[in-house]
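A.B. asks: Compact mmCIF, C-alpha atoms, saved as work.txt, coming up:
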# COMPACT_ATOMS: atom_id res chain seq x y z
CA MET A 8 -54.28 -0.29 -47.52
CA THR A 9 -50.74 0.58 -46.37
CA THR A 10 -49.51 0.61 -42.80
CA ASN A 11 -47.98 3.66 -41.15
CA ARG A 12 -45.49 3.14 -38.34
CA PHE A 13 -45.50 5.79 -35.59
CA PHE A 14 -43.73 6.37 -32.32
CA VAL A 15 -46.30 7.84 -29.94
CA TYR A 16 -45.82 9.28 -26.47
CA GLY A 17 -47.83 11.20 -23.92
CA SER A 18 -51.53 11.60 -24.61
CA PHE A 19 -51.51 9.19 -27.61
CA CYS A 20 -50.18 6.21 -25.62
CA GLU A 21 -52.49 3.37 -24.63
CA GLY A 22 -54.53 4.32 -21.57
CA MET A 23 -54.09 8.05 -22.19
CA VAL A 24 -56.69 10.60 -23.29
CA HIS A 25 -56.07 10.60 -27.08
CA PHE A 26 -55.44 6.90 -27.64
CA SER A 27 -59.16 6.48 -28.42
CA LYS A 28 -58.66 8.63 -31.55
CA ILE A 29 -56.38 5.99 -33.09
CA GLN A 30 -57.16 2.70 -31.30
CA ASN A 31 -59.42 1.35 -34.08
CA PHE A 32 -56.53 1.72 -36.55
CA VAL A 33 -53.81 0.09 -34.41
CA GLU A 34 -52.53 -3.17 -35.90
CA SER A 35 -49.66 -3.70 -33.46
CA SER A 36 -48.05 -1.95 -30.52
CA VAL A 37 -44.78 -2.52 -28.63
CA PHE A 38 -42.89 -0.58 -25.98
CA ALA A 39 -40.05 1.43 -27.54
CA ARG A 40 -37.71 4.36 -26.98
CA VAL A 41 -36.31 7.23 -29.04
CA LYS A 42 -33.41 9.60 -28.46
CA ALA A 43 -34.71 13.12 -27.86
CA THR A 44 -35.33 15.71 -25.17
CA ALA A 45 -38.64 15.62 -23.29
CA TYR A 46 -40.28 18.77 -21.99
CA ARG A 47 -43.20 18.99 -19.62
CA LEU A 48 -45.72 21.53 -20.83
CA LYS A 49 -47.73 23.58 -18.32
CA VAL A 50 -50.81 21.49 -19.19
CA GLY A 51 -48.84 18.53 -17.77
CA PHE A 52 -48.33 16.46 -20.92
CA PRO A 53 -44.92 15.96 -22.54
CA ALA A 54 -43.59 17.27 -25.83
CA LEU A 55 -40.44 15.93 -27.48
CA VAL A 56 -37.84 18.08 -29.18
CA ARG A 57 -35.29 16.68 -31.63
CA GLY A 58 -31.80 16.25 -30.20
CA GLY A 59 -30.49 15.20 -26.82
CA SER A 60 -29.35 11.82 -25.53
CA ASP A 61 -32.24 10.78 -23.28
CA LEU A 62 -34.02 7.57 -24.26
CA ILE A 63 -37.67 8.58 -24.16
CA PRO A 64 -40.29 5.87 -23.49
CA GLY A 65 -43.35 5.43 -25.70
CA GLN A 66 -45.03 3.00 -28.05
CA LEU A 67 -44.14 1.91 -31.54
CA ILE A 68 -47.48 1.39 -33.23
CA GLU A 69 -48.49 0.30 -36.68
CA LEU A 70 -51.62 2.02 -37.94
CA LYS A 71 -53.78 0.89 -40.83
CA GLY A 72 -52.79 3.46 -43.39
CA SER A 73 -55.15 6.04 -44.77
CA ASP A 74 -54.57 9.56 -45.98
CA LEU A 75 -57.51 10.72 -43.89
CA LEU A 76 -56.00 9.37 -40.65
CA LEU A 77 -52.62 10.89 -41.48
CA ASN A 78 -54.27 14.24 -42.24
CA LEU A 79 -56.18 14.10 -38.94
CA MET A 80 -52.98 13.30 -37.00
CA ASP A 81 -51.19 16.17 -38.78
CA GLU A 82 -54.06 18.54 -38.04
CA PHE A 83 -54.19 17.58 -34.36
CA HIS A 84 -50.45 18.27 -34.02
CA GLY A 85 -50.65 21.54 -35.92
CA TYR A 86 -48.39 20.21 -38.66
CA ASN A 87 -48.66 21.77 -42.12
CA ARG A 88 -46.56 19.82 -44.62
CA HIS A 89 -46.60 22.86 -46.96
CA ASP A 90 -45.17 25.16 -44.27
CA PRO A 91 -43.33 22.98 -41.73
CA ASP A 92 -41.26 25.86 -40.27
CA LYS A 93 -44.39 27.63 -39.03
CA SER A 94 -46.04 24.43 -37.79
CA LEU A 95 -46.49 23.68 -34.09
CA TYR A 96 -45.04 20.19 -34.59
CA SER A 97 -42.99 18.59 -37.35
CA ARG A 98 -43.59 15.03 -38.54
CA GLU A 99 -40.27 13.29 -39.10
CA GLU A 100 -39.07 9.75 -39.75
CA ILE A 101 -36.48 8.67 -37.18
CA ASP A 102 -34.83 5.60 -35.66
CA VAL A 103 -36.96 3.95 -32.98
CA HIS A 104 -35.65 1.28 -30.61
CA PRO A 105 -38.32 -1.39 -29.89
CA GLU A 106 -37.93 -3.30 -26.63
CA GLY A 107 -36.17 -6.62 -27.13
CA ALA A 108 -35.13 -5.88 -30.74
CA SER A 109 -31.47 -5.88 -31.72
CA GLU A 110 -31.93 -3.22 -34.40
CA SER A 111 -33.77 0.06 -34.65
CA VAL A 112 -36.62 0.63 -37.10
CA LYS A 113 -37.82 3.73 -38.91
CA ALA A 114 -41.07 5.34 -37.75
CA TRP A 115 -42.84 8.70 -37.86
CA ILE A 116 -42.80 10.95 -34.80
CA TYR A 117 -44.16 14.39 -34.01
CA PHE A 118 -41.49 16.71 -32.61
CA LEU A 119 -42.45 20.07 -31.14
CA ASN A 120 -41.08 22.97 -33.19
CA PRO A 121 -38.35 24.45 -30.90
CA LEU A 122 -39.50 27.95 -31.90
CA LYS A 123 -42.93 27.12 -30.43
CA LEU A 124 -41.59 25.74 -27.13
CA PRO A 125 -43.37 27.69 -24.35
CA VAL A 126 -41.11 29.61 -21.97
CA ASN A 127 -42.72 27.83 -19.01
CA ALA A 128 -41.93 24.33 -20.36
CA THR A 129 -39.43 22.42 -18.23
CA VAL A 130 -37.00 19.69 -19.23
CA ILE A 131 -37.97 16.26 -17.87
CA THR A 132 -34.69 14.99 -16.43
CA GLY A 133 -33.86 11.62 -17.96
CA GLY A 134 -36.87 11.89 -20.28
CA ASP A 135 -39.20 9.71 -18.19
CA TRP A 136 -42.43 11.60 -18.83
CA LYS A 137 -44.51 8.74 -17.38
CA ARG A 138 -42.89 9.11 -13.96
CA SER A 139 -43.22 12.90 -14.21
CA MET A 140 -46.97 12.54 -14.82
CA GLN A 141 -47.34 10.07 -11.94
CA GLU A 142 -45.56 12.45 -9.58
CA GLN A 143 -47.51 15.46 -10.81
CA PRO A 144 -50.67 14.59 -12.78
CA ALA A 145 -51.73 16.66 -15.77
CA LEU A 146 -53.85 19.75 -15.19
CA THR A 147 -56.77 18.10 -16.99
CA SER A 148 -57.04 15.43 -14.26
CA LYS A 149 -57.20 18.10 -11.52
CA LEU A 150 -60.21 19.92 -12.94
CA SER A 151 -63.63 19.49 -11.39
CA ASP A 152 -66.41 18.19 -13.65
CA LYS A 153 -67.93 21.68 -13.68
CA GLN A 154 -64.61 23.27 -14.74
CA ALA A 155 -63.99 20.66 -17.47
CA ILE A 156 -67.53 21.01 -18.87
CA TYR A 157 -67.21 24.79 -19.03
CA ILE A 158 -63.81 24.60 -20.78
CA GLN A 159 -65.34 22.21 -23.35
CA ARG A 160 -68.37 24.46 -23.91
CA LEU A 161 -66.16 27.51 -24.34
CA GLY A 162 -63.79 25.58 -26.64
CA ARG A 163 -66.67 24.51 -28.88
CA SER A 164 -68.29 27.95 -29.02
CA SER A 165 -67.97 30.07 -32.15
CA GLY A 166 -66.15 32.85 -30.33
CA ARG A 167 -68.99 35.31 -30.79
CA GLU A 168 -71.51 33.65 -28.52
CA ILE A 169 -71.60 34.34 -24.79
CA VAL A 170 -71.23 31.20 -22.66
CA PRO A 171 -72.78 31.98 -19.23
CA ILE A 172 -70.66 31.43 -16.11
CA ASP A 173 -71.18 31.87 -12.36
CA LEU A 174 -68.83 34.00 -10.28
CA THR A 175 -67.23 31.11 -8.37
CA LEU A 176 -66.38 29.20 -11.56
CA TYR A 177 -65.15 32.43 -13.17
CA ARG A 178 -62.72 33.01 -10.30
CA GLU A 179 -61.51 29.39 -10.32
CA LEU A 180 -60.78 29.39 -14.05
CA MET A 181 -59.15 32.84 -13.94
CA ASN A 182 -56.89 31.68 -11.07
CA LEU A 183 -55.93 28.62 -13.14
CA GLU A 184 -55.19 30.99 -16.07
CA LEU A 185 -57.51 28.98 -18.32
CA ILE A 186 -59.76 31.84 -19.46
CA VAL A 187 -59.33 35.47 -20.43
CA ASP A 188 -61.97 38.16 -19.99
CA LYS A 189 -62.47 40.09 -23.21
CA GLY A 190 -64.98 42.50 -21.72
CA ARG A 191 -68.32 41.32 -23.04
CA ARG A 192 -67.33 37.68 -23.42
CA LEU A 193 -64.86 35.11 -22.16
CA ALA A 194 -62.36 33.15 -24.22
CA LEU A 195 -59.88 30.37 -23.54
CA SER A 196 -56.33 31.48 -22.79
CA LYS A 197 -53.46 29.71 -24.59
CA LEU A 198 -53.23 27.32 -21.66
CA GLY A 199 -57.01 26.92 -21.74
CA GLN A 200 -56.84 26.00 -25.43
CA GLU A 201 -54.18 23.39 -24.63
CA VAL A 202 -56.33 21.98 -21.83
CA TYR A 203 -59.32 21.87 -24.19
CA ARG A 204 -57.26 19.84 -26.70
CA HIS A 205 -56.41 17.34 -23.96
CA LEU A 206 -59.89 16.87 -22.53
CA ALA A 207 -61.50 13.63 -23.71
Turn this file's structure into structure tokens for me.

C.D. replies:
Amino acid sequence: MTTNRFFVYGSFCEGMVHFSKIQNFVESSVFARVKATAYRLKVGFPALVRGGSDLIPGQLIELKGSDLLLNLMDEFHGYNRHDPDKSLYSREEIDVHPEGASESVKAWIYFLNPLKLPVNATVITGGDWKRSMQEQPALTSKLSDKQAIYIQRLGRSSGREIVPIDLTLYRELMNLELIVDKGRRLALSKLGQEVYRHLA
């Protein structure tokens, strides 16, 4: 079995919501940085875009290699290796700077496709997404249990079924712009879909 080296940031870092998806495959992990530009998405998590001079913090991890794991990582990030230009993220091999090392190493990273950057995304000055999230936690951590459960139920529904909701919850989720009313049924908004992806 081969080992894949990745630079992860945001929700895939240790202690964050998506680390559990990969933790059983992690062989090693060290603090590291990459040169890029960090954006804060409305959901509250960061996305990196290629270019820029900020040194972005994250983890350099070595994963036990398997095509299945790589395919799952690609799928989660909306990366299609057969049509990278239309993908949400691109998977690229770049120079990563591990803490305490004199030389950089090559590792895979997922960069957000600049064409898919939401208009409401804001640049994180200096690239310190961890501090940004401490100062203003992600939207997912502000949801009540009732709100989070409903978002998960709606996210798992087939799209044709009606997921019942009470008026108070309806108003709360509409005000947060997490659902859209399609007349006879409700659906997740784009932001709601992003929140759904980031709920554990």

A.B. asks: What is the atom CA of A:Gln200-atom CA of A:Leu150 distance in Å, reported with one decimal?

C.D. replies: 14.3 Å

A.B. asks: With only C-alpha atoms counted and 10 Å as the cut-off, give the residues of stretch 67-128 of chain A in contact with stretch 27-31 of chain A, each with its shortest interatomic distance in Å and the pair that gives it, as JSON lines.

C.D. replies:
{"residue": "A:Ile68", "atom": "CA", "partner": "A:Gln30", "partner_atom": "CA", "distance": 10.0}
{"residue": "A:Leu70", "atom": "CA", "partner": "A:Ile29", "partner_atom": "CA", "distance": 7.9}
{"residue": "A:Lys71", "atom": "CA", "partner": "A:Asn31", "partner_atom": "CA", "distance": 8.8}
{"residue": "A:Leu76", "atom": "CA", "partner": "A:Ile29", "partner_atom": "CA", "distance": 8.3}
{"residue": "A:Leu79", "atom": "CA", "partner": "A:Lys28", "partner_atom": "CA", "distance": 9.5}
{"residue": "A:Met80", "atom": "CA", "partner": "A:Ile29", "partner_atom": "CA", "distance": 9.0}

A.B. asks: Name all residues at most 12 Å from A:Phe19 (count only C-alpha atoms; drop same-chain ones fewer than 2 positions away) and give them as number ranges by chain.

C.D. replies: A: 13-17, 21-30, 33, 52-54, 65-68, 80, 83-84, 116-117, 205, 207

A.B. asks: Under the rule that all atoms listed in the file are counted, which of A:Pro171, A:Lys149, A:Leu176, A:Asp81 is the nearest residue to A:Val202?

C.D. replies: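 The answer is A:Lys149, which sits nearest to A:Val202.
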
A.B. asks: Do you have the atom CA of A:Arg88-atom CA of A:Ile131 distance handy?

C.D. replies: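 About the pair atom CA of A:Arg88 and atom CA of A:Ile131: they are 28.3 Å apart.
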
A.B. asks: Rounded to one decimal place, report the atom CA of A:Asp152-atom CA of A:Pro125 distance in Å.

C.D. replies: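 Atom CA of A:Asp152 sits 27.1 Å away from atom CA of A:Pro125.
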